[in-house]
Amino acid sequence: MKRFWILAAAVVVTLASLALAMWLGSASFDFRRYTVHQRRMEKVLREAPSADRLTRGLADEGTPLVAVLTTRADVDREAGARGRAKAAEIREKGARHAETRIYQAGDMLYFVYFDADGLMRDFTCVSR
């Protein structure tokens, strides 16, 4: 009977350790994935590209344009539908800029904000 409890405890400890390792690995992968996209867009922002130039450049890399939003109602609707935890940030930034474009980079969405002259001024990354 004593062997049974030792074996059962070993199985429980092993499974708990495995679950913890999987959870930590998943969390660190998500963090790294997000920071890669964030840094990519920060680098692009420093160049302040035009909307057309950014759209062509991202399309060449396999990141298609999903939507072009020009009214506050459109921004509010898309922020609610796609913005997840960053919906408030998207609404606030979208209200300050003339145009918001949404691009899909794999499992990440880029909300990119352009001024009245069509130059990139800010962005928000949202994990899908």
# chains A, B, ... in the order shown; residues from 1 in each chain; ligands from 1

call {"tool": "residues_around", "arguments": {"residues": "His97 of chain A", "least_positions_apart": "2", "cutoff": "6 Å", "atoms": "only C-alpha atoms", "output": "number ranges by chain"}}
result
A: 94-95, 99, 114-115

call {"tool": "select_by_dssp", "arguments": {"residues": "chain A", "states": "alpha helix (DSSP H)", "output": "number ranges by chain"}}
result
A: 2-47, 51-60, 72-82, 87-96

call {"tool": "atom_distance", "arguments": {"atom1": "atom CA of Ala98 of chain A", "atom2": "atom CA of Pro49 of chain A"}}
result
15.0 Å

call {"tool": "residues_around", "arguments": {"residues": "segment 85-90 of chain A", "least_positions_apart": "2", "cutoff": "12 Å", "atoms": "only C-alpha atoms", "output": "PyMOL selection string"}}
result
chain A and resi 69+72+74-83+92-97+99-102+109-113+122-128

call {"tool": "write_last_selection", "arguments": {"atoms": "C-alpha atoms", "output": "compact mmCIF listing (two decimals), in the first residue's frame"}}
result
# COMPACT_ATOMS: atom_id res chain seq x y z
CA LEU A 69 -11.46 53.28 -41.34
CA ARG A 72 -15.12 57.50 -35.71
CA ASP A 74 -16.02 52.72 -38.08
CA VAL A 75 -13.15 52.86 -35.59
CA ASP A 76 -15.52 52.22 -32.66
CA ARG A 77 -17.10 49.26 -34.45
CA GLU A 78 -13.78 47.64 -35.40
CA ALA A 79 -12.26 48.33 -31.98
CA GLY A 80 -15.16 46.50 -30.39
CA ALA A 81 -15.03 43.63 -32.88
CA ARG A 82 -11.28 43.12 -33.15
CA GLY A 83 -9.60 45.21 -30.45
CA GLU A 92 -8.73 56.91 -28.30
CA LYS A 93 -5.97 56.86 -30.92
CA GLY A 94 -8.43 56.47 -33.79
CA ALA A 95 -10.32 59.57 -32.63
CA ARG A 96 -7.10 61.64 -32.76
CA HIS A 97 -6.11 60.63 -36.29
CA GLU A 99 -7.45 57.47 -40.84
CA THR A 100 -6.95 54.06 -39.27
CA ARG A 101 -5.90 51.04 -41.27
CA ILE A 102 -5.94 47.44 -40.06
CA LEU A 109 -3.50 42.70 -36.07
CA TYR A 110 -1.84 46.07 -36.62
CA PHE A 111 -4.07 49.11 -36.14
CA VAL A 112 -2.08 51.88 -37.83
CA TYR A 113 -3.05 55.54 -37.50
CA ASP A 122 1.01 55.71 -34.32
CA PHE A 123 0.01 52.05 -34.10
CA THR A 124 -1.49 49.42 -31.82
CA CYS A 125 -0.72 45.69 -31.99
CA VAL A 126 -3.51 43.29 -31.02
CA SER A 127 -3.04 39.56 -30.63
CA ARG A 128 -5.82 37.52 -32.18

call {"tool": "select_by_dssp", "arguments": {"residues": "chain A", "states": "strand (DSSP E or B)", "output": "MDAnalysis selection string"}}
result
chainID A and resid 50 65:69 99:105 108:114 119:127

call {"tool": "write_last_selection", "arguments": {"atoms": "C-alpha atoms", "output": "PDB file, in the first residue's frame"}}
result
ATOM      1  CA  SER A  50       2.728  57.171 -46.185  1.00  0.00           C
ATOM      2  CA  LEU A  65      -4.716  45.251 -45.544  1.00  0.00           C
ATOM      3  CA  VAL A  66      -7.940  44.237 -43.780  1.00  0.00           C
ATOM      4  CA  ALA A  67      -9.828  47.542 -43.496  1.00  0.00           C
ATOM      5  CA  VAL A  68      -9.549  51.302 -43.965  1.00  0.00           C
ATOM      6  CA  LEU A  69     -11.459  53.283 -41.336  1.00  0.00           C
ATOM      7  CA  GLU A  99      -7.453  57.469 -40.837  1.00  0.00           C
ATOM      8  CA  THR A 100      -6.952  54.058 -39.268  1.00  0.00           C
ATOM      9  CA  ARG A 101      -5.900  51.038 -41.266  1.00  0.00           C
ATOM     10  CA  ILE A 102      -5.941  47.443 -40.062  1.00  0.00           C
ATOM     11  CA  TYR A 103      -3.390  44.910 -41.282  1.00  0.00           C
ATOM     12  CA  GLN A 104      -3.242  41.199 -40.488  1.00  0.00           C
ATOM     13  CA  ALA A 105       0.241  39.877 -39.750  1.00  0.00           C
ATOM     14  CA  MET A 108      -1.501  39.675 -34.939  1.00  0.00           C
ATOM     15  CA  LEU A 109      -3.503  42.703 -36.068  1.00  0.00           C
ATOM     16  CA  TYR A 110      -1.845  46.073 -36.623  1.00  0.00           C
ATOM     17  CA  PHE A 111      -4.069  49.111 -36.138  1.00  0.00           C
ATOM     18  CA  VAL A 112      -2.078  51.879 -37.827  1.00  0.00           C
ATOM     19  CA  TYR A 113      -3.046  55.543 -37.501  1.00  0.00           C
ATOM     20  CA  PHE A 114      -2.385  58.158 -40.182  1.00  0.00           C
ATOM     21  CA  LEU A 119       1.643  59.786 -42.862  1.00  0.00           C
ATOM     22  CA  MET A 120       1.894  57.097 -40.196  1.00  0.00           C
ATOM     23  CA  ARG A 121       1.745  58.607 -36.703  1.00  0.00           C
ATOM     24  CA  ASP A 122       1.012  55.714 -34.320  1.00  0.00           C
ATOM     25  CA  PHE A 123       0.011  52.055 -34.097  1.00  0.00           C
ATOM     26  CA  THR A 124      -1.490  49.420 -31.824  1.00  0.00           C
ATOM     27  CA  CYS A 125      -0.724  45.690 -31.985  1.00  0.00           C
ATOM     28  CA  VAL A 126      -3.513  43.292 -31.023  1.00  0.00           C
ATOM     29  CA  SER A 127      -3.044  39.559 -30.633  1.00  0.00           C
TER      30      SER A 127
END

call {"tool": "atom_distance", "arguments": {"atom1": "atom CA of Ala16 of chain A", "atom2": "atom CA of Thr35 of chain A"}}
result
28.7 Å
